[in-house]
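One file, upload05.cif, is given below (mmCIF, C-alpha atoms).
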```cif
data_coords
#
loop_
_atom_site.label_atom_id
_atom_site.label_comp_id
_atom_site.auth_asym_id
_atom_site.auth_seq_id
_atom_site.Cartn_x
_atom_site.Cartn_y
_atom_site.Cartn_z
CA MET A 1 -50.62 15.89 14.76
CA ASP A 2 -50.03 14.86 11.13
CA HIS A 3 -47.65 11.90 11.16
CA PRO A 4 -47.43 8.85 8.88
CA PHE A 5 -47.32 6.48 11.87
CA LEU A 6 -50.84 7.59 12.80
CA SER A 7 -52.24 5.72 9.78
CA THR A 8 -51.39 2.45 11.60
CA PRO A 9 -54.55 0.46 12.45
CA LYS A 10 -55.55 1.37 15.98
CA LEU A 11 -55.40 -2.15 17.48
CA GLY A 12 -52.05 -3.87 18.03
CA PHE A 13 -51.51 -7.49 19.10
CA GLY A 14 -49.42 -7.60 22.28
CA LEU A 15 -47.60 -10.92 22.54
CA MET A 16 -46.85 -10.74 26.26
CA ARG A 17 -49.80 -12.82 27.47
CA LEU A 18 -50.21 -15.51 24.80
CA PRO A 19 -52.40 -18.58 25.43
CA LYS A 20 -50.75 -21.38 27.37
CA LEU A 21 -50.96 -25.17 27.39
CA ALA A 22 -51.35 -27.17 30.57
CA ASP A 23 -47.57 -27.50 30.91
CA GLY A 24 -47.09 -23.72 30.75
CA ALA A 25 -45.77 -23.63 27.19
CA ILE A 26 -47.25 -21.19 24.71
CA ASP A 27 -50.11 -22.68 22.71
CA ILE A 28 -48.68 -22.17 19.22
CA GLU A 29 -51.70 -23.58 17.38
CA GLN A 30 -54.15 -21.23 19.10
CA THR A 31 -51.69 -18.37 18.61
CA LYS A 32 -51.66 -19.15 14.87
CA GLU A 33 -55.46 -18.87 14.77
CA MET A 34 -55.32 -15.56 16.61
CA VAL A 35 -52.64 -14.21 14.27
CA ASP A 36 -54.69 -15.19 11.22
CA LEU A 37 -57.86 -13.56 12.56
CA PHE A 38 -55.93 -10.39 13.36
CA LEU A 39 -54.41 -10.10 9.89
CA ASP A 40 -57.67 -11.03 8.17
CA ALA A 41 -59.26 -8.05 9.93
CA GLY A 42 -56.76 -5.71 8.27
CA LEU A 43 -54.72 -5.24 11.48
CA THR A 44 -50.94 -5.33 11.22
CA TYR A 45 -48.99 -4.33 14.38
CA PHE A 46 -47.43 -7.07 16.54
CA ASP A 47 -45.45 -6.36 19.71
CA THR A 48 -43.07 -8.61 21.62
CA ALA A 49 -39.85 -8.21 23.65
CA PHE A 50 -36.58 -9.98 24.33
CA VAL A 51 -37.64 -10.73 27.93
CA TYR A 52 -41.26 -11.79 27.37
CA ASP A 53 -41.79 -15.35 28.59
CA GLY A 54 -38.04 -15.88 28.76
CA GLY A 55 -37.79 -15.46 25.00
CA GLN A 56 -40.65 -17.78 24.16
CA SER A 57 -42.82 -14.89 22.99
CA GLU A 58 -40.34 -14.01 20.24
CA ILE A 59 -40.05 -17.66 19.26
CA ALA A 60 -43.85 -17.90 19.09
CA ALA A 61 -43.92 -14.78 16.90
CA GLY A 62 -41.52 -16.52 14.55
CA LYS A 63 -43.59 -19.69 14.35
CA ALA A 64 -47.11 -18.25 14.31
CA LEU A 65 -46.49 -15.07 12.33
CA VAL A 66 -43.18 -14.68 10.49
CA ALA A 67 -42.94 -18.22 9.12
CA ARG A 68 -46.53 -18.20 7.87
CA HIS A 69 -47.18 -14.77 6.39
CA PRO A 70 -45.44 -12.50 3.86
CA ARG A 71 -43.02 -10.19 5.67
CA GLU A 72 -44.54 -7.07 4.15
CA SER A 73 -48.04 -8.00 5.40
CA PHE A 74 -47.32 -7.08 9.03
CA THR A 75 -45.12 -4.90 11.23
CA LEU A 76 -43.22 -6.38 14.17
CA ALA A 77 -41.87 -4.59 17.22
CA THR A 78 -39.54 -5.92 19.88
CA LYS A 79 -37.46 -4.44 22.69
CA LEU A 80 -33.99 -4.40 24.26
CA ASN A 81 -33.89 -4.54 28.06
CA VAL A 82 -30.70 -3.62 29.92
CA ARG A 83 -31.88 -5.22 33.16
CA VAL A 84 -30.95 -8.67 31.85
CA SER A 85 -27.56 -7.67 30.43
CA ALA A 86 -24.30 -7.60 32.34
CA ASP A 87 -22.50 -5.25 29.95
CA GLN A 88 -22.80 -3.29 26.73
CA SER A 89 -21.85 -6.21 24.52
CA SER A 90 -24.51 -8.53 25.92
CA ALA A 91 -27.09 -5.75 25.66
CA GLU A 92 -26.30 -5.24 21.98
CA GLN A 93 -26.44 -9.00 21.41
CA GLN A 94 -30.15 -8.95 22.28
CA LEU A 95 -31.09 -7.59 18.86
CA LEU A 96 -29.25 -10.38 17.06
CA THR A 97 -30.85 -12.95 19.35
CA SER A 98 -34.29 -11.45 18.72
CA LEU A 99 -33.72 -11.63 14.97
CA GLU A 100 -32.67 -15.26 15.29
CA ARG A 101 -35.66 -16.19 17.44
CA THR A 102 -38.21 -14.55 15.16
CA GLY A 103 -36.57 -15.03 11.77
CA ALA A 104 -37.96 -11.60 10.90
CA GLY A 105 -34.89 -10.30 9.04
CA TYR A 106 -35.48 -6.84 10.49
CA PHE A 107 -37.77 -5.16 13.00
CA ASP A 108 -40.16 -2.48 11.89
CA TYR A 109 -40.07 -0.96 15.36
CA TYR A 110 -37.34 -1.39 17.98
CA LEU A 111 -37.68 -0.08 21.52
CA LEU A 112 -35.47 0.58 24.50
CA HIS A 113 -37.55 -1.27 27.05
CA ALA A 114 -39.34 0.09 30.14
CA ILE A 115 -37.15 3.13 30.72
CA SER A 116 -37.39 4.70 34.16
CA SER A 117 -35.14 6.73 36.40
CA GLY A 118 -33.90 3.49 37.95
CA ASN A 119 -32.53 1.90 34.76
CA LEU A 120 -31.81 4.99 32.67
CA PRO A 121 -28.14 5.15 33.78
CA LYS A 122 -27.56 1.71 32.25
CA TYR A 123 -29.11 2.72 28.92
CA ASP A 124 -26.81 5.74 28.95
CA GLU A 125 -23.72 3.82 30.10
CA TYR A 126 -24.19 1.15 27.44
CA ARG A 127 -24.89 3.83 24.80
CA ILE A 128 -28.03 2.02 23.69
CA TRP A 129 -29.47 5.21 22.19
CA ASP A 130 -26.56 5.36 19.75
CA TYR A 131 -26.78 1.61 19.14
CA ALA A 132 -30.44 1.83 18.12
CA ALA A 133 -29.61 4.61 15.68
CA ARG A 134 -26.75 2.56 14.19
CA MET A 135 -28.99 -0.46 13.75
CA LYS A 136 -31.43 1.73 11.86
CA GLU A 137 -28.61 2.83 9.55
CA LYS A 138 -27.76 -0.85 8.96
CA GLY A 139 -31.37 -1.67 8.09
CA LEU A 140 -31.91 -4.11 10.94
CA VAL A 141 -34.35 -1.63 12.47
CA LYS A 142 -36.75 0.51 10.45
CA HIS A 143 -37.81 2.81 13.29
CA TRP A 144 -36.77 3.08 16.93
CA GLY A 145 -38.17 4.55 20.10
CA PHE A 146 -38.63 3.57 23.74
CA SER A 147 -41.23 2.39 26.20
CA PHE A 148 -41.48 4.43 29.35
CA HIS A 149 -42.59 4.14 33.00
CA ASP A 150 -41.85 7.34 34.87
CA SER A 151 -42.68 11.01 35.31
CA PRO A 152 -43.68 13.54 32.64
CA GLU A 153 -40.65 15.59 33.64
CA LEU A 154 -38.27 12.74 32.82
CA LEU A 155 -40.11 11.99 29.58
CA ASP A 156 -39.77 15.61 28.53
CA ARG A 157 -36.03 15.51 29.27
CA LEU A 158 -35.51 12.29 27.32
CA LEU A 159 -37.38 13.53 24.25
CA THR A 160 -35.43 16.79 24.41
CA ASN A 161 -32.09 14.98 24.67
CA HIS A 162 -32.97 12.30 22.09
CA PRO A 163 -35.06 14.02 19.42
CA ASP A 164 -34.26 11.24 16.91
CA ALA A 165 -36.42 8.79 18.89
CA GLU A 166 -39.34 8.35 16.52
CA PHE A 167 -42.11 7.23 18.88
CA VAL A 168 -42.80 6.36 22.49
CA GLN A 169 -44.76 3.60 24.17
CA LEU A 170 -46.74 4.67 27.23
CA GLN A 171 -49.04 3.09 29.78
CA ILE A 172 -52.39 4.75 29.17
CA ASN A 173 -55.76 3.67 30.51
CA TYR A 174 -58.72 5.32 32.16
CA ALA A 175 -57.79 3.98 35.60
CA ASP A 176 -54.37 5.65 35.46
CA TRP A 177 -55.49 8.73 33.52
CA GLU A 178 -54.92 11.11 36.44
CA SER A 179 -52.64 8.84 38.50
CA ASP A 180 -49.73 10.59 40.19
CA SER A 181 -47.40 7.62 39.64
CA VAL A 182 -48.37 6.49 36.11
CA ALA A 183 -49.49 9.93 34.87
CA SER A 184 -51.17 8.61 31.71
CA ARG A 185 -52.69 11.90 30.59
CA ARG A 186 -49.68 14.07 31.38
CA ASN A 187 -47.19 11.72 29.71
CA LEU A 188 -49.37 11.61 26.60
CA GLU A 189 -49.42 15.40 26.53
CA VAL A 190 -45.61 15.52 26.76
CA ALA A 191 -45.24 13.09 23.84
CA ARG A 192 -47.68 15.14 21.78
CA ALA A 193 -45.83 18.36 22.60
CA HIS A 194 -42.69 16.77 21.12
CA GLY A 195 -44.58 15.53 18.07
CA LYS A 196 -44.04 11.85 18.91
CA PRO A 197 -46.70 9.25 18.04
CA VAL A 198 -47.66 7.04 20.96
CA VAL A 199 -48.06 3.27 21.14
CA VAL A 200 -50.30 2.44 24.10
CA MET A 201 -49.55 -0.41 26.51
CA GLU A 202 -51.77 -1.68 29.33
CA PRO A 203 -55.01 -0.11 28.03
CA VAL A 204 -56.94 -2.69 30.07
CA ARG A 205 -54.44 -2.50 32.96
CA GLY A 206 -53.29 -6.10 32.81
CA GLY A 207 -56.84 -7.32 32.21
CA ALA A 208 -58.32 -5.67 35.32
CA LEU A 209 -60.47 -3.27 33.28
CA ALA A 210 -61.97 -6.18 31.36
CA ASN A 211 -63.64 -7.18 34.63
CA PRO A 212 -64.00 -3.96 36.63
CA PRO A 213 -65.92 -3.59 39.91
CA GLN A 214 -69.69 -3.90 39.65
CA ARG A 215 -70.40 -0.20 40.04
CA VAL A 216 -68.20 0.52 37.02
CA ARG A 217 -69.77 -2.29 35.00
CA ASP A 218 -73.21 -0.91 35.77
CA ILE A 219 -72.29 2.54 34.40
CA LEU A 220 -70.89 1.07 31.18
CA ALA A 221 -73.71 -1.43 30.70
CA ALA A 222 -76.35 1.26 31.15
CA ALA A 223 -74.80 3.20 28.28
CA ASP A 224 -74.35 0.20 25.97
CA PRO A 225 -75.40 -3.27 27.20
CA ALA A 226 -73.78 -4.96 24.18
CA ALA A 227 -70.31 -3.46 24.64
CA SER A 228 -67.75 -5.32 26.75
CA PRO A 229 -65.89 -3.45 29.50
CA ALA A 230 -62.66 -4.13 27.58
CA SER A 231 -64.07 -2.40 24.51
CA TRP A 232 -64.75 0.75 26.53
CA ALA A 233 -61.19 0.72 27.88
CA ILE A 234 -59.50 0.17 24.53
CA ARG A 235 -61.68 2.62 22.58
CA PHE A 236 -61.07 5.26 25.27
CA VAL A 237 -57.33 5.30 24.66
CA ALA A 238 -57.61 4.78 20.90
CA SER A 239 -59.78 7.90 20.77
CA GLN A 240 -57.06 10.13 22.22
CA PRO A 241 -55.15 12.36 19.77
CA GLY A 242 -51.66 11.28 18.76
CA ILE A 243 -52.22 7.54 19.25
CA MET A 244 -50.40 5.27 16.79
CA THR A 245 -51.89 1.97 17.99
CA VAL A 246 -53.25 0.37 21.17
CA LEU A 247 -51.70 -2.91 22.27
CA SER A 248 -53.97 -5.55 23.68
CA GLY A 249 -52.30 -8.57 25.28
CA MET A 250 -54.84 -11.10 24.09
CA SER A 251 -54.71 -14.56 25.67
CA ASN A 252 -57.35 -16.51 23.76
CA LEU A 253 -59.50 -16.51 20.64
CA ASP A 254 -62.53 -15.04 22.41
CA GLN A 255 -60.56 -11.95 23.43
CA MET A 256 -59.26 -11.61 19.89
CA LYS A 257 -62.76 -11.89 18.41
CA ASP A 258 -64.17 -9.35 20.86
CA ASN A 259 -61.41 -6.83 20.16
CA ILE A 260 -61.74 -7.23 16.39
CA SER A 261 -65.51 -6.75 16.57
CA TYR A 262 -65.17 -3.10 17.57
CA MET A 263 -61.65 -2.26 16.33
CA ARG A 264 -61.79 -3.63 12.78
CA ASN A 265 -63.58 -0.42 11.82
CA PHE A 266 -62.56 1.77 14.73
CA ARG A 267 -64.98 4.52 15.70
CA PRO A 268 -63.67 7.21 18.09
CA PHE A 269 -65.65 8.10 21.21
CA SER A 270 -68.58 10.44 20.85
CA ALA A 271 -69.03 13.27 23.36
CA GLU A 272 -71.68 11.17 25.12
CA GLU A 273 -69.35 8.16 25.38
CA SER A 274 -66.58 10.37 26.74
CA ALA A 275 -68.96 11.52 29.48
CA VAL A 276 -69.85 7.91 30.34
CA MET A 277 -66.16 7.02 30.55
CA GLU A 278 -65.49 9.92 32.89
CA ASN A 279 -68.26 8.73 35.18
CA ALA A 280 -66.82 5.21 35.14
CA ARG A 281 -63.33 6.54 35.85
CA ARG A 282 -64.53 8.49 38.86
CA ALA A 283 -66.45 5.48 40.17
CA LEU A 284 -63.34 3.34 39.87
CA LEU A 285 -61.36 5.79 41.99
CA ASP A 286 -63.65 5.00 44.92
CA VAL A 287 -62.83 1.26 44.77
CA PRO A 288 -59.67 0.18 46.64
CA SER A 289 -57.35 -2.23 44.81
CA ILE A 290 -53.73 -3.13 44.15
CA PRO A 291 -52.95 -1.58 40.73
CA CYS A 292 -50.69 -4.44 39.61
CA THR A 293 -50.68 -5.07 35.84
CA GLY A 294 -49.16 -8.57 36.08
CA CYS A 295 -46.05 -7.69 34.07
CA SER A 296 -43.93 -9.96 36.35
CA TYR A 297 -40.85 -7.73 36.20
CA CYS A 298 -40.81 -7.96 40.01
CA THR A 299 -40.47 -11.74 40.05
CA GLU A 300 -37.44 -12.14 37.79
CA GLY A 301 -34.91 -11.31 40.50
CA CYS A 302 -36.84 -12.30 43.61
CA PRO A 303 -34.46 -14.40 45.75
CA MET A 304 -37.43 -16.13 47.39
CA GLN A 305 -39.21 -16.72 44.05
CA ILE A 306 -42.47 -15.30 45.37
CA HIS A 307 -45.23 -15.23 42.73
CA ILE A 308 -46.02 -11.58 43.49
CA PRO A 309 -48.50 -10.77 40.67
CA ASP A 310 -50.51 -13.93 41.32
CA ILE A 311 -50.69 -13.12 45.04
CA PHE A 312 -51.83 -9.58 44.29
CA SER A 313 -54.44 -10.92 41.86
CA ALA A 314 -55.84 -13.15 44.60
CA ARG A 315 -55.77 -10.25 47.04
CA ASN A 316 -57.75 -8.09 44.62
CA ARG A 317 -60.47 -10.73 44.40
CA ASP A 318 -61.00 -10.11 48.12
CA ILE A 319 -60.54 -6.31 48.08
CA ILE A 320 -62.57 -5.50 44.96
CA PHE A 321 -65.17 -8.24 44.79
CA GLY A 322 -65.39 -9.41 48.41
CA GLN A 323 -64.59 -13.00 47.37
CA THR A 324 -62.67 -13.75 50.56
CA GLU A 325 -62.90 -17.53 50.57
CA PHE A 326 -62.12 -17.79 46.85
CA ALA A 327 -59.12 -15.50 47.37
CA LYS A 328 -57.81 -17.64 50.22
CA ARG A 329 -58.17 -20.85 48.19
CA ARG A 330 -56.41 -19.20 45.25
CA TYR A 331 -53.58 -18.08 47.54
CA GLN A 332 -53.17 -21.62 48.83
CA GLN A 333 -52.91 -22.90 45.26
CA ILE A 334 -50.33 -20.27 44.35
CA THR A 335 -48.15 -21.00 47.36
CA ALA A 336 -48.55 -24.78 47.35
CA ASP A 337 -45.19 -25.20 45.62
CA SER A 338 -43.67 -21.72 46.01
CA SER A 339 -42.91 -19.16 48.70
CA GLY A 340 -45.74 -17.31 50.39
CA ALA A 341 -46.06 -13.59 50.96
CA ASP A 342 -44.70 -14.06 54.49
CA GLN A 343 -41.37 -15.28 53.05
CA CYS A 344 -40.44 -11.82 51.74
CA ILE A 345 -36.99 -10.79 53.02
CA GLN A 346 -37.56 -7.12 52.12
CA CYS A 347 -34.57 -6.89 49.80
CA GLY A 348 -36.37 -4.31 47.68
CA GLN A 349 -35.40 -5.58 44.22
CA CYS A 350 -39.08 -5.97 43.32
CA GLU A 351 -39.89 -2.37 44.14
CA ALA A 352 -36.93 -1.17 42.06
CA ALA A 353 -38.21 -3.18 39.07
CA CYS A 354 -41.92 -2.31 39.39
CA PRO A 355 -43.12 0.01 36.58
CA GLN A 356 -46.11 0.98 38.73
CA LYS A 357 -43.85 1.95 41.68
CA LEU A 358 -45.95 -0.14 44.05
CA PRO A 359 -44.94 -0.53 47.72
CA ILE A 360 -44.62 -4.26 47.14
CA ILE A 361 -42.99 -5.12 50.46
CA ASP A 362 -45.82 -3.57 52.43
CA LEU A 363 -48.46 -5.07 50.12
CA LEU A 364 -46.97 -8.54 50.60
CA ARG A 365 -47.06 -8.04 54.36
CA GLN A 366 -50.75 -7.12 54.13
CA ALA A 367 -51.42 -10.17 51.95
CA ALA A 368 -49.65 -12.45 54.41
CA GLU A 369 -51.85 -11.10 57.21
CA ALA A 370 -55.04 -11.36 55.16
CA PHE A 371 -54.35 -14.93 54.03
CA ALA A 372 -52.96 -16.23 57.31
#
```
Could you rewrite the structure in this file as structure tokens?
Amino acid sequence: MDHPFLSTPKLGFGLMRLPKLADGAIDIEQTKEMVDLFLDAGLTYFDTAFVYDGGQSEIAAGKALVARHPRESFTLATKLNVRVSADQSSAEQQLLTSLERTGAGYFDYYLLHAISSGNLPKYDEYRIWDYAARMKEKGLVKHWGFSFHDSPELLDRLLTNHPDAEFVQLQINYADWESDSVASRRNLEVARAHGKPVVVMEPVRGGALANPPQRVRDILAAADPAASPASWAIRFVASQPGIMTVLSGMSNLDQMKDNISYMRNFRPFSAEESAVMENARRALLDVPSIPCTGCSYCTEGCPMQIHIPDIFSARNRDIIFGQTEFAKRRYQQITADSSGADQCIQCGQCEAACPQKLPIIDLLRQAAEAFA
């Protein structure tokens, strides 16, 4: 695929999981250092969204990036999400709010956010496809596309019906490569068949592949003791054909430094490294876990305000690593001032919002039993 977008540096800075202070606010000073390191390495792509951190991610992008660096020295992407809009007018207002929060003047890349069969009718009803195209004509958006969490069949239909979408953002990682629900490989193949460059999200699956089960770590370490598990995960997806850039949601300076160390001068996988990755992928399939990426879409409308991703993270410490007592202590901390897994009223809003299509109600029931 010969496309100008593919000249984009292969590492993008995802601003969804920025470093936090003790009070939960984004650590702007550390974010500034991370931004500077990223740009100094010749990397340019930054990704945020209207809904990330209740808007604080876009504000942080304005303070740490836009206000401190020439506008032409970076590209900035953000997203419009219909789930938080009551009508077409409020959905369209998101772009103006995002511009105000960031002070960017325009967005290099604008995305319809997290499209799936569940929310697609709203994007159609509100005519957001047409809106994105109009905003490009006005110059407020340079390029537009959409992020996607659904089947290859739906992706094929969307790209057929909306050929003016210029790129797509897909969840691609080695854990979900052959997954029936995420369908990383098959969705990538659909995008390539339509000639659309792909921005990769969740290459480390919410951080889980930065600390994989021991049997996977052993396979990777035997091949290259100096390479971090995260580097294997990110280089795997960056090595696929048709990739525009790979977003890493970095949360501290150490993660930034590690990613830059092997992505500043990106080297695609060799045939030997591809074989190692396939062995690691197969080993991971034998390890049970809850494939939650920690996106928190499930928590936004939870009437019981259950901290679902945190509970699943604690549960995985028990399932994957056998750290039962640690997991129970962590669960007690999580639920000390919030509802526990046993407080779920089975309303189902979380499952409707989950990009991974997890059976959250049943998983919460299992967690409640395990941590009782």
Which residues of region 154-257 of chain A sit at most 10 Å from region 35-40 of chain A, using all atoms listed in the file? Give each one's shortest atom pair and distance in Å (one decimal place), in chain and ascending residue order, as a tab-separated table.
```
residue	atom	partner	partner_atom	distance
A:Leu253	CA	A:Leu37	CA	8.8
A:Met256	CA	A:Phe38	CA	7.4
A:Lys257	CA	A:Leu37	CA	7.8
```
Polymer residues at most 7 Å from (-53.2, -9.4, 25.7) by only C-alpha atoms, as a ChimeraX atom specification: /A:14-18,248-251
For the residues in that selection, give me C-alpha atoms as an mmCIF file, keeping the file's coordinate frame.
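Here's the written file again29.cif:
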```cif
data_model
loop_
_atom_site.group_PDB
_atom_site.id
_atom_site.type_symbol
_atom_site.label_atom_id
_atom_site.label_comp_id
_atom_site.auth_asym_id
_atom_site.auth_seq_id
_atom_site.Cartn_x
_atom_site.Cartn_y
_atom_site.Cartn_z
ATOM 1 C CA GLY A 14 -49.420 -7.600 22.280
ATOM 2 C CA LEU A 15 -47.600 -10.920 22.540
ATOM 3 C CA MET A 16 -46.850 -10.740 26.260
ATOM 4 C CA ARG A 17 -49.800 -12.820 27.470
ATOM 5 C CA LEU A 18 -50.210 -15.510 24.800
ATOM 6 C CA SER A 248 -53.970 -5.550 23.680
ATOM 7 C CA GLY A 249 -52.300 -8.570 25.280
ATOM 8 C CA MET A 250 -54.840 -11.100 24.090
ATOM 9 C CA SER A 251 -54.710 -14.560 25.670
#
```
Contacts of Lys328 (chain A) within 12 Å, all atoms listed in the file, excl. fewer than 4 positions in-chain, as a PyMOL selection string: chain A and resi 311-319+322-324+332-335+367-372
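The smallest atom-to-atom distance between Ala61 (chain A) and any of A:Val84, A:Ala91, A:Ile26, A:Leu6, using all atoms listed in the file, is found for A:Ile26.
Listed by chain and then by number, the residues chosen by the PyMOL selection byres ((chain A and resi 153-165) around 7) in this file are A:Trp144, A:Gly145, A:Asp150, A:Ser151, A:Pro152, A:Glu166, A:Phe167, A:Val190, A:His194.
Closest approach to Met277 (chain A) among A:Ala223, A:Cys354, A:Leu96, A:Val82: A:Ala223, based on all atoms listed in the file.
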Residues near Arg264 (chain A), cut-off 8 Å, all atoms listed in the file, skip fewer than 3 positions along chain, as an MDAnalysis selection string: chainID A and resid 41:43 260:261
Selection under test: the PyMOL selection byres ((chain A and resi 10) around 9); residues as a ChimeraX atom specification: /A:6-9,11-12,43,45,238,243-247,263-264,266
Write the selection just made, keeping C-alpha atoms, as a compact mmCIF listing (two decimals), in the coordinates of the input?
```
# COMPACT_ATOMS: atom_id res chain seq x y z
CA LEU A 6 -50.84 7.59 12.80
CA SER A 7 -52.24 5.72 9.78
CA THR A 8 -51.39 2.45 11.60
CA PRO A 9 -54.55 0.46 12.45
CA LEU A 11 -55.40 -2.15 17.48
CA GLY A 12 -52.05 -3.87 18.03
CA LEU A 43 -54.72 -5.24 11.48
CA TYR A 45 -48.99 -4.33 14.38
CA ALA A 238 -57.61 4.78 20.90
CA ILE A 243 -52.22 7.54 19.25
CA MET A 244 -50.40 5.27 16.79
CA THR A 245 -51.89 1.97 17.99
CA VAL A 246 -53.25 0.37 21.17
CA LEU A 247 -51.70 -2.91 22.27
CA MET A 263 -61.65 -2.26 16.33
CA ARG A 264 -61.79 -3.63 12.78
CA PHE A 266 -62.56 1.77 14.73
```
Among the residues A:Ile360, A:Pro225, A:Pro241, A:Asn279, the one that comes closest to Leu188 (chain A) [using only C-alpha atoms]: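 Of all the options, A:Pro241 lies closest to Leu188 (chain A).
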Top pick for closest residue to Glu300 (chain A), considering A:Ala114, A:Ile28, A:Val51, A:Val276 and counting only C-alpha atoms: A:Val51
Output check: residues returned by the PyMOL selection byres ((chain A and resi 234) around 10), as a list of chain:residue names: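 Selection result, ordered by chain and number: A:Lys10, A:Leu11, A:Ile172, A:Asn173, A:Tyr174, A:Val200, A:Glu202, A:Pro203, A:Val204, A:Leu209, A:Ala210, A:Pro229, A:Ala230, A:Ser231, A:Trp232, A:Ala233, A:Arg235, A:Phe236, A:Val237, A:Ala238, A:Ser239, A:Val246, A:Leu247, A:Ser248, A:Asn259, A:Tyr262, A:Met263.
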Separation of CA of Leu80 (chain A) from CA of Gln56 (chain A), in Å and rounded to one decimal: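 Value for the CA of Leu80 (chain A)-CA of Gln56 (chain A) distance: 14.9 Å.
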Which of A:Lys357, A:His69, A:Lys32, A:His143 sits closest to Tyr106 (chain A) [using only C-alpha atoms]: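 Going through A:Lys357, A:His69, A:Lys32, A:His143 one by one, the smallest distance to Tyr106 (chain A) is for A:His143.
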Selected residue of minimal separation from Tyr109 (chain A) among A:Lys142, A:His149, A:Arg68, A:Arg282, counting only C-alpha atoms: A:Lys142
Distance in Å - CA of Cys292 (chain A) versus CA of Tyr123 (chain A): 25.1 Å
Distance of CA of Gln171 (chain A) from CA of Tyr131 (chain A), expressed in Å to one decimal place: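 Computing the Euclidean distance for CA of Tyr131 (chain A) and CA of Gln171 (chain A) yields 24.7 Å.
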Incomplete region 43-55 of chain A brought to N, CA and C atoms, written out as an mmCIF file, in the coordinates of the input:
```cif
data_model
loop_
_atom_site.group_PDB
_atom_site.id
_atom_site.type_symbol
_atom_site.label_atom_id
_atom_site.label_comp_id
_atom_site.auth_asym_id
_atom_site.auth_seq_id
_atom_site.Cartn_x
_atom_site.Cartn_y
_atom_site.Cartn_z
ATOM 1 N N LEU A 43 -55.581 -5.754 10.410
ATOM 2 C CA LEU A 43 -54.720 -5.240 11.480
ATOM 3 C C LEU A 43 -53.301 -5.768 11.264
ATOM 4 N N THR A 44 -52.298 -5.008 11.678
ATOM 5 C CA THR A 44 -50.940 -5.330 11.220
ATOM 6 C C THR A 44 -49.847 -5.274 12.287
ATOM 7 N N TYR A 45 -50.076 -4.629 13.434
ATOM 8 C CA TYR A 45 -48.990 -4.330 14.380
ATOM 9 C C TYR A 45 -48.886 -5.417 15.451
ATOM 10 N N PHE A 46 -47.713 -6.043 15.535
ATOM 11 C CA PHE A 46 -47.430 -7.070 16.540
ATOM 12 C C PHE A 46 -46.304 -6.588 17.435
ATOM 13 N N ASP A 47 -46.417 -6.868 18.738
ATOM 14 C CA ASP A 47 -45.450 -6.360 19.710
ATOM 15 C C ASP A 47 -44.969 -7.462 20.635
ATOM 16 N N THR A 48 -43.650 -7.646 20.695
ATOM 17 C CA THR A 48 -43.070 -8.610 21.620
ATOM 18 C C THR A 48 -41.865 -7.952 22.287
ATOM 19 N N ALA A 49 -41.040 -8.749 22.983
ATOM 20 C CA ALA A 49 -39.850 -8.210 23.650
ATOM 21 C C ALA A 49 -38.890 -9.343 23.942
ATOM 22 N N PHE A 50 -37.625 -8.994 24.048
ATOM 23 C CA PHE A 50 -36.580 -9.980 24.330
ATOM 24 C C PHE A 50 -36.872 -10.756 25.614
ATOM 25 N N VAL A 51 -37.451 -10.085 26.622
ATOM 26 C CA VAL A 51 -37.640 -10.730 27.930
ATOM 27 C C VAL A 51 -38.996 -11.414 28.081
ATOM 28 N N TYR A 52 -39.936 -11.216 27.170
ATOM 29 C CA TYR A 52 -41.260 -11.790 27.370
ATOM 30 C C TYR A 52 -41.193 -13.317 27.373
ATOM 31 N N ASP A 53 -41.722 -13.890 28.443
ATOM 32 C CA ASP A 53 -41.790 -15.350 28.590
ATOM 33 C C ASP A 53 -40.426 -15.997 28.392
ATOM 34 N N GLY A 54 -39.379 -15.327 28.879
ATOM 35 C CA GLY A 54 -38.040 -15.880 28.760
ATOM 36 C C GLY A 54 -37.596 -16.097 27.330
ATOM 37 N N GLY A 55 -38.131 -15.319 26.417
ATOM 38 C CA GLY A 55 -37.790 -15.460 25.000
ATOM 39 C C GLY A 55 -38.780 -16.253 24.196
#
```
